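One file, target29.csv, carrying CSV, C-alpha atoms:
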```csv
chain,number,residue,atom,x,y,z
F,1,MET,CA,96.1,14.1,-42.7
F,2,SER,CA,95.7,16.1,-39.6
F,3,ARG,CA,92.2,16.2,-38.1
F,4,SER,CA,90.8,15.8,-34.7
F,5,ARG,CA,89.3,12.4,-34.1
F,6,HIS,CA,87.4,12.4,-30.8
F,7,SER,CA,89.3,9.4,-29.9
F,8,GLY,CA,89.7,7.6,-26.7
F,9,ASP,CA,92.3,5.3,-28.2
F,10,LEU,CA,95.2,6.7,-26.4
F,11,LEU,CA,97.8,4.5,-28.0
F,12,ARG,CA,96.9,5.5,-31.5
F,13,HIS,CA,96.4,9.0,-30.5
F,14,SER,CA,99.7,9.6,-29.0
F,15,ARG,CA,101.3,8.0,-32.0
F,16,GLU,CA,99.4,10.3,-34.3
F,17,SER,CA,100.3,13.4,-32.5
F,18,GLY,CA,103.9,12.3,-32.4
F,19,ASN,CA,104.2,13.2,-28.8
F,20,PRO,CA,105.1,10.1,-26.8
F,21,ALA,CA,105.2,12.1,-23.5
F,22,SER,CA,101.6,13.1,-23.7
F,23,PHE,CA,100.0,10.1,-22.2
F,24,PRO,CA,102.4,7.9,-20.2
F,25,SER,CA,100.6,5.2,-18.3
F,26,SER,CA,100.2,6.0,-14.6
F,27,ALA,CA,102.6,3.1,-13.8
F,28,ALA,CA,105.3,4.5,-16.0
F,29,ARG,CA,104.8,7.9,-14.5
F,30,LYS,CA,105.2,6.5,-11.0
F,31,LYS,CA,108.3,4.7,-12.0
F,32,ARG,CA,109.8,7.9,-13.5
F,33,ASP,CA,108.8,9.9,-10.5
F,34,SER,CA,110.5,7.5,-8.1
F,35,ARG,CA,113.6,7.5,-10.2
F,36,PHE,CA,114.1,11.3,-10.0
F,37,ARG,CA,114.5,12.3,-6.5
F,38,GLY,CA,115.5,15.9,-7.2
F,39,SER,CA,114.2,19.2,-5.8
F,40,ASP,CA,110.5,19.9,-5.6
F,41,GLY,CA,111.0,22.5,-8.3
F,42,PHE,CA,112.4,19.9,-10.6
F,43,ARG,CA,109.5,17.5,-9.8
F,44,LEU,CA,107.0,20.2,-10.5
F,45,LEU,CA,108.6,20.9,-13.8
F,46,LEU,CA,108.7,17.2,-14.6
F,47,ALA,CA,105.0,16.9,-13.6
F,48,SER,CA,104.0,19.8,-15.8
F,49,LEU,CA,105.8,18.1,-18.7
F,50,LEU,CA,104.1,14.8,-18.1
F,51,ILE,CA,100.6,15.9,-17.3
F,52,PRO,CA,98.6,17.1,-20.3
F,53,SER,CA,97.7,20.7,-19.7
F,54,SER,CA,94.8,21.4,-22.0
F,55,ALA,CA,92.1,19.0,-22.9
F,56,PRO,CA,91.4,20.3,-26.5
F,57,ALA,CA,94.8,19.2,-27.6
F,58,PHE,CA,93.6,15.7,-27.3
F,59,GLY,CA,90.5,16.2,-29.3
F,60,GLN,CA,88.0,15.2,-26.6
F,61,SER,CA,84.8,17.2,-26.2
F,62,ALA,CA,84.0,18.9,-23.0
F,63,LEU,CA,80.4,17.7,-23.1
F,64,PRO,CA,79.5,14.7,-20.9
F,65,PRO,CA,78.7,11.4,-22.8
F,66,ALA,CA,75.3,11.0,-24.2
F,67,ARG,CA,72.7,9.3,-21.9
F,68,TYR,CA,72.8,5.9,-23.6
F,69,ALA,CA,76.5,5.9,-24.4
F,70,TYR,CA,77.3,4.0,-21.2
F,71,ALA,CA,73.8,3.3,-19.7
F,72,GLN,CA,72.0,0.1,-20.7
F,73,LEU,CA,68.4,0.1,-21.9
F,74,PRO,CA,65.9,-0.9,-19.2
F,75,ASP,CA,64.5,-3.7,-21.3
F,76,PRO,CA,67.1,-6.6,-21.3
F,77,ARG,CA,65.9,-8.0,-24.6
F,78,GLN,CA,66.3,-4.7,-26.3
F,79,GLU,CA,69.7,-4.1,-24.6
F,80,ALA,CA,70.8,-7.6,-25.9
F,81,GLU,CA,69.7,-6.6,-29.4
F,82,ALA,CA,71.5,-3.3,-29.2
F,83,LYS,CA,74.6,-4.9,-27.8
F,84,ALA,CA,74.7,-7.5,-30.6
F,85,LEU,CA,74.4,-4.7,-33.2
F,86,MET,CA,77.0,-2.5,-31.5
F,87,GLU,CA,79.6,-5.3,-31.6
F,88,THR,CA,79.3,-5.4,-35.4
F,89,LEU,CA,79.5,-1.7,-36.1
F,90,ARG,CA,82.8,-0.2,-36.7
F,91,CYS,CA,84.1,2.9,-34.8
F,92,LEU,CA,84.8,5.7,-37.2
F,93,VAL,CA,87.5,7.4,-35.3
F,94,CYS,CA,89.3,4.4,-33.9
F,95,GLN,CA,89.2,2.2,-36.9
F,96,GLY,CA,89.6,-1.5,-36.0
F,97,GLN,CA,87.5,-1.3,-32.9
F,98,SER,CA,83.8,-1.9,-32.7
F,99,ILE,CA,81.7,0.9,-31.2
F,100,ALA,CA,81.0,-1.4,-28.3
F,101,ASP,CA,84.7,-1.5,-27.5
F,102,SER,CA,85.6,2.1,-28.0
F,103,ASP,CA,85.7,5.0,-25.5
F,104,ALA,CA,85.8,7.6,-28.2
F,105,ASP,CA,83.2,10.3,-27.9
F,106,MET,CA,81.9,9.5,-31.4
F,107,ALA,CA,81.6,5.8,-30.6
F,108,GLY,CA,79.6,6.8,-27.4
F,109,ASP,CA,77.3,8.9,-29.5
F,110,MET,CA,76.8,6.1,-32.0
F,111,ARG,CA,76.0,3.7,-29.1
F,112,ALA,CA,73.4,6.2,-27.9
F,113,LEU,CA,72.0,6.4,-31.4
F,114,VAL,CA,71.7,2.6,-31.6
F,115,ARG,CA,70.1,2.2,-28.2
F,116,GLU,CA,67.6,5.0,-28.7
F,117,ARG,CA,66.5,3.6,-32.1
F,118,ILE,CA,66.2,0.1,-30.7
F,119,ALA,CA,64.2,1.5,-27.8
F,120,ALA,CA,61.9,3.2,-30.3
F,121,GLY,CA,61.2,-0.2,-31.9
F,122,GLU,CA,63.5,0.0,-34.9
F,123,LYS,CA,65.0,-3.3,-36.2
F,124,PRO,CA,68.8,-3.7,-35.8
F,125,GLU,CA,69.2,-4.4,-39.5
F,126,ALA,CA,67.4,-1.2,-40.4
F,127,ILE,CA,69.8,0.8,-38.2
F,128,ARG,CA,72.7,-1.0,-39.9
F,129,SER,CA,71.5,-0.2,-43.3
F,130,TRP,CA,70.9,3.4,-42.3
F,131,LEU,CA,74.6,3.6,-41.4
F,132,ILE,CA,75.8,1.7,-44.4
F,133,GLU,CA,73.8,4.2,-46.6
F,134,ARG,CA,76.0,7.0,-45.1
F,135,TYR,CA,79.4,5.4,-44.5
F,136,GLY,CA,79.4,2.5,-46.9
F,137,ALA,CA,79.7,-1.2,-46.1
F,138,TRP,CA,82.9,-0.3,-44.3
F,139,VAL,CA,81.0,0.7,-41.1
F,140,SER,CA,79.7,-2.8,-40.7
F,141,TYR,CA,81.7,-5.8,-39.6
F,142,LYS,CA,79.2,-8.0,-41.3
F,143,PRO,CA,80.1,-7.9,-44.9
F,144,PRO,CA,77.1,-7.8,-47.3
F,145,VAL,CA,76.7,-10.5,-50.0
F,146,GLU,CA,77.5,-8.6,-53.2
F,147,PRO,CA,79.7,-9.3,-56.2
F,148,LEU,CA,82.7,-7.7,-54.5
F,149,THR,CA,82.4,-10.1,-51.5
F,150,TRP,CA,81.4,-13.3,-53.3
F,151,LEU,CA,85.0,-14.5,-53.1
F,152,LEU,CA,85.0,-13.8,-49.4
F,153,TRP,CA,81.8,-15.9,-48.8
F,154,ALA,CA,82.7,-18.6,-51.2
F,155,ALA,CA,86.4,-19.0,-50.0
F,156,PRO,CA,85.6,-21.4,-47.1
F,157,VAL,CA,83.6,-23.7,-49.3
F,158,VAL,CA,86.1,-23.6,-52.1
F,159,LEU,CA,89.0,-24.2,-49.8
F,160,VAL,CA,87.3,-27.2,-48.1
F,161,ALA,CA,86.4,-28.7,-51.5
F,162,LEU,CA,90.0,-28.2,-52.7
F,163,GLY,CA,91.3,-29.9,-49.6
F,164,LEU,CA,89.0,-32.8,-50.0
F,165,TYR,CA,90.0,-33.1,-53.6
F,166,LEU,CA,93.7,-33.1,-52.7
F,167,ALA,CA,93.3,-35.6,-49.8
F,168,ARG,CA,90.9,-37.8,-51.8
F,169,GLY,CA,93.8,-40.1,-53.1
F,170,ARG,CA,95.1,-40.7,-49.6
F,171,PHE,CA,91.7,-41.9,-48.3
F,172,ARG,CA,91.2,-44.2,-51.2
F,173,ARG,CA,94.6,-45.9,-50.9
F,174,LYS,CA,94.3,-46.6,-47.2
F,175,PRO,CA,95.1,-50.3,-46.7
F,176,ARG,CA,92.4,-52.4,-45.0
S,1,MET,CA,99.0,-32.0,-63.4
S,2,LYS,CA,98.8,-33.7,-60.0
S,3,ARG,CA,102.3,-32.8,-59.1
S,4,LEU,CA,101.6,-29.2,-59.9
S,5,LEU,CA,98.4,-29.3,-57.8
S,6,LEU,CA,100.4,-30.4,-54.8
S,7,TRP,CA,102.1,-27.0,-54.8
S,8,LEU,CA,98.8,-25.2,-54.8
S,9,PRO,CA,98.4,-25.0,-51.0
S,10,LEU,CA,101.9,-23.5,-50.6
S,11,ALA,CA,101.1,-21.1,-53.4
S,12,VAL,CA,97.9,-20.1,-51.7
S,13,PHE,CA,99.8,-19.7,-48.4
S,14,LEU,CA,102.4,-17.5,-50.0
S,15,ALA,CA,99.8,-15.4,-51.6
S,16,PHE,CA,98.2,-14.9,-48.2
S,17,ILE,CA,101.5,-13.9,-46.7
S,18,VAL,CA,102.1,-11.3,-49.5
S,19,THR,CA,98.6,-9.9,-49.1
S,20,VAL,CA,99.1,-9.5,-45.3
S,21,ALA,CA,102.5,-7.9,-45.8
S,22,ILE,CA,101.1,-5.4,-48.3
S,23,GLY,CA,98.2,-4.7,-45.9
S,24,LEU,CA,100.6,-4.0,-43.0
S,25,ARG,CA,102.5,-1.4,-45.1
S,26,LYS,CA,99.4,0.6,-45.8
S,27,PRO,CA,98.4,3.2,-43.3
S,28,ALA,CA,96.2,1.8,-40.6
S,29,GLU,CA,93.6,4.5,-41.0
S,30,SER,CA,92.0,5.7,-44.2
S,31,PRO,CA,89.5,8.5,-44.5
S,32,ILE,CA,86.0,7.3,-44.8
S,33,ARG,CA,84.2,9.2,-47.5
S,34,SER,CA,80.5,10.0,-47.1
S,35,GLN,CA,78.2,8.1,-49.3
S,36,MET,CA,75.8,11.0,-49.2
S,37,ILE,CA,77.4,12.9,-52.1
S,38,GLY,CA,74.8,13.5,-54.8
S,39,LYS,CA,72.0,12.8,-52.3
S,40,ALA,CA,69.7,15.3,-50.6
S,41,MET,CA,70.7,16.8,-47.3
S,42,PRO,CA,69.0,14.7,-44.6
S,43,ASP,CA,66.4,16.5,-42.7
S,44,PHE,CA,67.4,18.1,-39.4
S,45,ALA,CA,66.7,21.2,-37.3
S,46,LEU,CA,69.4,22.1,-34.9
S,47,LYS,CA,69.2,24.6,-32.1
S,48,ALA,CA,71.5,27.6,-32.2
S,49,ALA,CA,75.0,26.9,-30.9
S,50,VAL,CA,75.5,30.5,-29.9
S,51,ALA,CA,73.2,33.3,-29.2
S,52,SER,CA,74.9,35.5,-31.8
S,53,HIS,CA,74.0,33.3,-34.7
S,54,PRO,CA,70.6,31.9,-35.9
S,55,PRO,CA,70.1,28.1,-35.7
S,56,LEU,CA,70.6,25.8,-38.7
S,57,ALA,CA,68.0,23.5,-40.3
S,58,ALA,CA,68.1,21.4,-43.5
S,59,ALA,CA,65.5,23.8,-44.9
S,60,ASP,CA,68.0,26.7,-44.7
S,61,LEU,CA,70.2,24.7,-47.1
S,62,ARG,CA,67.8,24.6,-50.0
S,63,ARG,CA,67.1,28.3,-50.6
S,64,GLY,CA,68.4,28.4,-54.2
S,65,ARG,CA,72.0,29.3,-53.5
S,66,PRO,CA,74.8,26.8,-52.8
S,67,ARG,CA,76.4,27.0,-49.4
S,68,LEU,CA,79.2,25.4,-47.4
S,69,VAL,CA,78.4,23.4,-44.3
S,70,ASN,CA,81.4,23.3,-42.0
S,71,VAL,CA,81.4,20.5,-39.4
S,72,PHE,CA,83.6,21.8,-36.6
S,73,ALA,CA,84.2,21.9,-32.9
S,74,SER,CA,85.8,24.4,-30.5
S,75,TRP,CA,87.8,21.5,-29.0
S,76,CYS,CA,89.3,20.5,-32.4
S,77,VAL,CA,92.7,21.7,-33.1
S,78,PRO,CA,92.7,21.4,-37.0
S,79,CYS,CA,89.5,23.5,-36.9
S,80,LYS,CA,91.6,26.4,-35.7
S,81,ALA,CA,94.1,25.7,-38.4
S,82,GLU,CA,91.5,25.9,-41.2
S,83,ALA,CA,89.9,29.1,-39.8
S,84,PRO,CA,91.9,31.5,-42.0
S,85,GLN,CA,90.9,29.5,-45.1
S,86,LEU,CA,87.2,29.7,-44.1
S,87,MET,CA,87.6,33.4,-43.7
S,88,ALA,CA,89.2,33.6,-47.1
S,89,LEU,CA,86.2,31.7,-48.6
S,90,LYS,CA,83.8,34.0,-46.8
S,91,ARG,CA,85.6,37.1,-48.3
S,92,ARG,CA,85.1,35.5,-51.7
S,93,GLY,CA,81.4,35.6,-51.1
S,94,VAL,CA,80.8,32.0,-50.2
S,95,PRO,CA,78.1,31.6,-47.6
S,96,ILE,CA,79.1,29.3,-44.8
S,97,ASP,CA,77.1,27.6,-42.1
S,98,GLY,CA,78.5,25.7,-39.2
S,99,VAL,CA,77.5,22.5,-37.3
S,100,ALA,CA,79.2,22.5,-33.9
S,101,ILE,CA,79.8,19.0,-32.7
S,102,ARG,CA,79.5,18.2,-29.0
S,103,ASP,CA,80.1,21.7,-28.0
S,104,ARG,CA,79.1,24.2,-25.3
S,105,SER,CA,77.8,27.6,-26.2
S,106,GLU,CA,80.5,29.5,-24.3
S,107,ASP,CA,83.2,27.5,-25.9
S,108,VAL,CA,81.9,28.1,-29.4
S,109,ALA,CA,81.7,31.9,-28.7
S,110,ARG,CA,85.3,31.9,-27.4
S,111,PHE,CA,86.4,29.9,-30.5
S,112,LEU,CA,84.8,32.4,-32.9
S,113,ALA,CA,86.2,35.4,-31.0
S,114,GLU,CA,89.7,33.9,-31.1
S,115,TRP,CA,89.9,32.3,-34.6
S,116,GLY,CA,87.4,34.3,-36.6
S,117,ASP,CA,83.8,33.9,-37.5
S,118,PRO,CA,83.0,32.9,-41.1
S,119,PHE,CA,79.5,31.6,-40.2
S,120,GLU,CA,76.0,32.8,-41.0
S,121,ARG,CA,74.2,30.1,-39.1
S,122,ILE,CA,75.5,27.7,-36.5
S,123,GLY,CA,73.6,24.7,-35.3
S,124,ALA,CA,74.5,22.7,-32.2
S,125,ASP,CA,74.9,19.0,-32.6
S,126,PRO,CA,75.4,17.8,-29.0
S,127,ALA,CA,75.1,14.1,-29.7
S,128,SER,CA,76.7,14.0,-33.2
S,129,ARG,CA,73.3,13.2,-34.8
S,130,VAL,CA,73.6,15.4,-37.8
S,131,GLN,CA,77.2,14.3,-38.2
S,132,PHE,CA,76.1,10.7,-38.5
S,133,ALA,CA,73.2,11.7,-40.9
S,134,LEU,CA,75.8,13.4,-43.1
S,135,GLY,CA,78.1,10.4,-43.2
S,136,SER,CA,80.8,12.5,-41.6
S,137,SER,CA,83.5,10.7,-39.6
S,138,GLY,CA,85.3,13.4,-37.8
S,139,VAL,CA,86.0,17.1,-37.4
S,140,PRO,CA,86.6,19.2,-39.4
S,141,GLU,CA,84.8,18.3,-42.5
S,142,THR,CA,83.3,20.7,-45.1
S,143,PHE,CA,80.3,19.9,-47.4
S,144,VAL,CA,79.3,21.9,-50.5
S,145,VAL,CA,75.5,21.9,-50.7
S,146,ASP,CA,73.7,23.2,-53.8
S,147,GLY,CA,70.7,25.5,-53.9
S,148,LYS,CA,68.3,22.5,-53.9
S,149,GLY,CA,69.9,21.0,-50.8
S,150,VAL,CA,71.8,18.3,-52.6
S,151,ILE,CA,75.2,17.5,-51.1
S,152,ARG,CA,77.8,18.0,-53.9
S,153,HIS,CA,81.2,17.8,-52.4
S,154,GLN,CA,82.9,16.7,-49.2
S,155,HIS,CA,86.3,17.9,-47.9
S,156,ILE,CA,87.7,15.7,-45.2
S,157,GLY,CA,90.1,17.3,-42.7
S,158,ASP,CA,91.2,20.9,-42.3
S,159,ILE,CA,91.1,23.1,-45.4
S,160,ARG,CA,94.7,24.0,-46.2
S,161,PRO,CA,95.5,27.1,-48.3
S,162,GLU,CA,96.1,24.8,-51.3
S,163,ASN,CA,92.5,23.3,-50.9
S,164,VAL,CA,90.7,26.6,-51.2
S,165,ALA,CA,90.7,26.6,-55.0
S,166,GLU,CA,89.2,23.1,-55.1
S,167,ILE,CA,86.4,24.1,-52.7
S,168,LEU,CA,85.7,27.3,-54.6
S,169,ALA,CA,85.5,25.2,-57.8
S,170,ALA,CA,83.1,22.8,-56.1
S,171,TYR,CA,81.0,25.8,-55.0
S,172,GLU,CA,81.0,27.3,-58.4
S,173,ALA,CA,80.0,23.9,-59.9
S,174,ALA,CA,77.1,23.7,-57.5
S,175,LYS,CA,75.6,26.9,-58.8
```
Let me see the structure of the file written as structure tokens.
Amino acid sequence: MSRSRHSGDLLRHSRESGNPASFPSSAARKKRDSRFRGSDGFRLLLASLLIPSSAPAFGQSALPPARYAYAQLPDPRQEAEAKALMETLRCLVCQGQSIADSDADMAGDMRALVRERIAAGEKPEAIRSWLIERYGAWVSYKPPVEPLTWLLWAAPVVLVALGLYLARGRFRRKPR
Amino acid sequence: MKRLLLWLPLAVFLAFIVTVAIGLRKPAESPIRSQMIGKAMPDFALKAAVASHPPLAAADLRRGRPRLVNVFASWCVPCKAEAPQLMALKRRGVPIDGVAIRDRSEDVARFLAEWGDPFERIGADPASRVQFALGSSGVPETFVVDGKGVIRHQHIGDIRPENVAEILAAYEAAK
């Protein structure tokens, strides 16, 4: 599937675009530069190959991040609430990261959404259910208790009970 | 019975390994479908993304005729790839509105001039708010909205030539 994800996840991105030269780490670039001691023209050519020339190819927007994407809320209690919620919301374009951990534009916009709604007095769980209503339980790292997830919630209890049952004989036979 | 039970932890462990191995083989990312299909278009009123087109509000999407809502951005490469397909849909008489995600007016104007302009209205969504409200998780995405403003269909990713028929069918079904 080819679609632009406004992603800041460079590793995943370069893998997706199948272009390993697009985002070498600066250390790697330095290393390569020092290895090639050719003419200036060659260096220029090399640099033009290594440095990405046009931003749109990487699916990042030209707009600056939203106000509350990187700025904290003035009220520390509200900020703590927002932070706790952001850490349990999944980034849509960099799946596997929380929106608190991602530099993708879309994650930034979602952080701004969370902070603004918390600042407006909305409860974190209300914001979570608003998002679940749109993206499904997938968007939350806190799985809901529903028939599909009963096994998930019951597994620890079941496993401990099973362990106790298996170990029961050993405890009983312990010599005094 | 007891002897059999002793093998249980190993069996559980092996089942775990198999589950993880299968999970590792699956692609890491899967498209996240919107849960808004069959629900009313959430309320919004966006400003115009470019001077040449009127702005877009949810009220414009419940005027009795189905429409397509294309979530796009000038900085998005697959959006350029799907432009000919959107133009083809427009030629077939399908009305299309756009939501420009995190975009600047001059960039949208340039995008339309270069890749074609299938849109009647274009709303600017500078902080992805309408995108979130729609349950859309990237660009491009295309929604079919019926005449009452109910979302009927979502197409994730660029519209390829082979997808045009499917979108036309969803549009006809929304009538």
Exercise. Within 8 Å of (84.3, 29.9, -41.5), in the coordinates the file gives, what residues turn up when you count all atoms listed in the file, written out as a list in words?
Worked result: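 Looking at atoms near the point gives Asn70, Ala83, Pro84, Gln85, Leu86, Met87, Leu89, Lys90, Ile96, Asp97, Gly98, Gly116, Asp117, Pro118 and Phe119 of chain S.
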Once you count only C-alpha atoms, what closest atom pair and distance in Å to one decimal does each residue of segment 92-137 of chain F within 12 Å of segment 141-144 of chain F have, with rows by chain and rising residue number, as a tab-separated table?
```
residue	atom	partner	partner_atom	distance
F:Gln95	CA	F:Tyr141	CA	11.3
F:Gly96	CA	F:Tyr141	CA	9.7
F:Gln97	CA	F:Tyr141	CA	9.9
F:Ser98	CA	F:Tyr141	CA	8.2
F:Ile99	CA	F:Tyr141	CA	10.7
F:Glu125	CA	F:Lys142	CA	10.8
F:Arg128	CA	F:Lys142	CA	9.7
F:Ser129	CA	F:Pro144	CA	10.3
F:Leu131	CA	F:Tyr141	CA	11.9
F:Ile132	CA	F:Pro144	CA	10.0
F:Gly136	CA	F:Pro144	CA	10.6
F:Ala137	CA	F:Pro143	CA	6.8
```
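With distances taken over all atoms listed in the file, F:Thr88 is the one residue among F:Ser61, F:Pro76, F:Thr88, F:Gly169 lying closest to Arg111 of chain F.
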Problem set entry | Coordinates-based distance that separates atom CA of Ala113 of chain S from atom CA of Ile151 of chain S (Å, one decimal) |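 Rounded to one decimal, the two atoms are 29.1 Å apart.
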Counting all atoms listed in the file, give me one row per residue of chain S with an atom at most 9 Å from an atom of chain F, showing the shortest contact pair and its distance in Å to one decimal, sorted by chain then residue number, as JSON lines.
```
{"residue": "S:Lys2", "atom": "CA", "partner": "F:Leu166", "partner_atom": "CA", "distance": 8.9}
{"residue": "S:Leu5", "atom": "CA", "partner": "F:Leu166", "partner_atom": "CA", "distance": 7.9}
{"residue": "S:Leu6", "atom": "CA", "partner": "F:Leu166", "partner_atom": "CA", "distance": 7.5}
{"residue": "S:Pro9", "atom": "CA", "partner": "F:Gly163", "partner_atom": "CA", "distance": 8.7}
{"residue": "S:Ala28", "atom": "CA", "partner": "F:Gln95", "partner_atom": "CA", "distance": 7.9}
{"residue": "S:Glu29", "atom": "CA", "partner": "F:Gln95", "partner_atom": "CA", "distance": 6.4}
{"residue": "S:Ser30", "atom": "CA", "partner": "F:Gln95", "partner_atom": "CA", "distance": 8.6}
{"residue": "S:Pro31", "atom": "CA", "partner": "F:Met1", "partner_atom": "CA", "distance": 8.8}
{"residue": "S:Ile32", "atom": "CA", "partner": "F:Tyr135", "partner_atom": "CA", "distance": 6.9}
{"residue": "S:Arg33", "atom": "CA", "partner": "F:Tyr135", "partner_atom": "CA", "distance": 6.8}
{"residue": "S:Ser34", "atom": "CA", "partner": "F:Tyr135", "partner_atom": "CA", "distance": 5.4}
{"residue": "S:Gln35", "atom": "CA", "partner": "F:Arg134", "partner_atom": "CA", "distance": 4.9}
{"residue": "S:Met36", "atom": "CA", "partner": "F:Arg134", "partner_atom": "CA", "distance": 5.7}
{"residue": "S:Ala73", "atom": "CA", "partner": "F:Ser61", "partner_atom": "CA", "distance": 8.2}
{"residue": "S:Ser74", "atom": "CA", "partner": "F:Pro56", "partner_atom": "CA", "distance": 8.0}
{"residue": "S:Trp75", "atom": "CA", "partner": "F:Pro56", "partner_atom": "CA", "distance": 4.5}
{"residue": "S:Cys76", "atom": "CA", "partner": "F:Gly59", "partner_atom": "CA", "distance": 5.4}
{"residue": "S:Val77", "atom": "CA", "partner": "F:Ala57", "partner_atom": "CA", "distance": 6.4}
{"residue": "S:Pro78", "atom": "CA", "partner": "F:Arg3", "partner_atom": "CA", "distance": 5.3}
{"residue": "S:Cys79", "atom": "CA", "partner": "F:Arg3", "partner_atom": "CA", "distance": 7.9}
{"residue": "S:Ile101", "atom": "CA", "partner": "F:Ser61", "partner_atom": "CA", "distance": 8.4}
{"residue": "S:Arg102", "atom": "CA", "partner": "F:Leu63", "partner_atom": "CA", "distance": 6.0}
{"residue": "S:Asp103", "atom": "CA", "partner": "F:Leu63", "partner_atom": "CA", "distance": 6.3}
{"residue": "S:Arg104", "atom": "CA", "partner": "F:Leu63", "partner_atom": "CA", "distance": 7.0}
{"residue": "S:Pro126", "atom": "CA", "partner": "F:Leu63", "partner_atom": "CA", "distance": 7.7}
{"residue": "S:Ala127", "atom": "CA", "partner": "F:Asp109", "partner_atom": "CA", "distance": 5.6}
{"residue": "S:Ser128", "atom": "CA", "partner": "F:Asp109", "partner_atom": "CA", "distance": 6.3}
{"residue": "S:Arg129", "atom": "CA", "partner": "F:Leu113", "partner_atom": "CA", "distance": 7.7}
{"residue": "S:Phe132", "atom": "CA", "partner": "F:Arg134", "partner_atom": "CA", "distance": 7.6}
{"residue": "S:Ala133", "atom": "CA", "partner": "F:Arg134", "partner_atom": "CA", "distance": 6.9}
{"residue": "S:Leu134", "atom": "CA", "partner": "F:Arg134", "partner_atom": "CA", "distance": 6.7}
{"residue": "S:Gly135", "atom": "CA", "partner": "F:Arg134", "partner_atom": "CA", "distance": 4.4}
{"residue": "S:Ser136", "atom": "CA", "partner": "F:Tyr135", "partner_atom": "CA", "distance": 7.8}
{"residue": "S:Ser137", "atom": "CA", "partner": "F:Leu92", "partner_atom": "CA", "distance": 5.7}
{"residue": "S:Gly138", "atom": "CA", "partner": "F:Arg5", "partner_atom": "CA", "distance": 5.5}
{"residue": "S:Val139", "atom": "CA", "partner": "F:Ser4", "partner_atom": "CA", "distance": 5.7}
{"residue": "S:Pro140", "atom": "CA", "partner": "F:Arg3", "partner_atom": "CA", "distance": 6.5}
{"residue": "S:Glu141", "atom": "CA", "partner": "F:Arg3", "partner_atom": "CA", "distance": 8.9}
{"residue": "S:Ile156", "atom": "CA", "partner": "F:Arg3", "partner_atom": "CA", "distance": 8.4}
{"residue": "S:Gly157", "atom": "CA", "partner": "F:Arg3", "partner_atom": "CA", "distance": 5.2}
{"residue": "S:Asp158", "atom": "CA", "partner": "F:Arg3", "partner_atom": "CA", "distance": 6.4}
```
For this session: Give me, please, the distance in Å between atom CA of Lys39 of chain S and atom CA of Ala169 of chain S, quoted to one decimal.
Result: 19.1 Å
Exercise. Suppose you want the space between atom CA of Tyr171 of chain S and atom CA of Gln154 of chain S; what is it in Å?
Worked result: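 Atom CA of Tyr171 of chain S sits 11.0 Å away from atom CA of Gln154 of chain S.
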Kindly add N, CA and C atoms to the incomplete segment 76-87 of chain F and provide the output as a CSV table (one decimal), in the frame of the given file.
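Contents of selection-v8.csv, freshly written:
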```
chain,number,residue,atom,x,y,z
F,76,PRO,N,65.9,-5.8,-21.0
F,76,PRO,CA,67.1,-6.6,-21.3
F,76,PRO,C,67.1,-7.2,-22.7
F,77,ARG,N,65.9,-7.4,-23.2
F,77,ARG,CA,65.9,-8.0,-24.6
F,77,ARG,C,66.3,-7.0,-25.6
F,78,GLN,N,65.9,-5.7,-25.4
F,78,GLN,CA,66.3,-4.7,-26.3
F,78,GLN,C,67.8,-4.4,-26.1
F,79,GLU,N,68.3,-4.4,-24.9
F,79,GLU,CA,69.7,-4.1,-24.6
F,79,GLU,C,70.5,-5.2,-25.3
F,80,ALA,N,70.1,-6.5,-25.3
F,80,ALA,CA,70.8,-7.6,-25.9
F,80,ALA,C,70.9,-7.3,-27.4
F,81,GLU,N,69.7,-6.9,-28.0
F,81,GLU,CA,69.7,-6.6,-29.4
F,81,GLU,C,70.7,-5.5,-29.8
F,82,ALA,N,70.6,-4.4,-29.0
F,82,ALA,CA,71.5,-3.3,-29.2
F,82,ALA,C,73.0,-3.7,-29.1
F,83,LYS,N,73.3,-4.5,-28.1
F,83,LYS,CA,74.6,-4.9,-27.8
F,83,LYS,C,75.2,-5.7,-29.0
F,84,ALA,N,74.3,-6.6,-29.5
F,84,ALA,CA,74.7,-7.5,-30.6
F,84,ALA,C,75.0,-6.6,-31.8
F,85,LEU,N,74.2,-5.6,-32.0
F,85,LEU,CA,74.4,-4.7,-33.2
F,85,LEU,C,75.7,-3.9,-33.0
F,86,MET,N,75.9,-3.3,-31.8
F,86,MET,CA,77.0,-2.5,-31.5
F,86,MET,C,78.3,-3.2,-31.7
F,87,GLU,N,78.3,-4.5,-31.4
F,87,GLU,CA,79.6,-5.3,-31.6
F,87,GLU,C,79.9,-5.5,-33.1
```
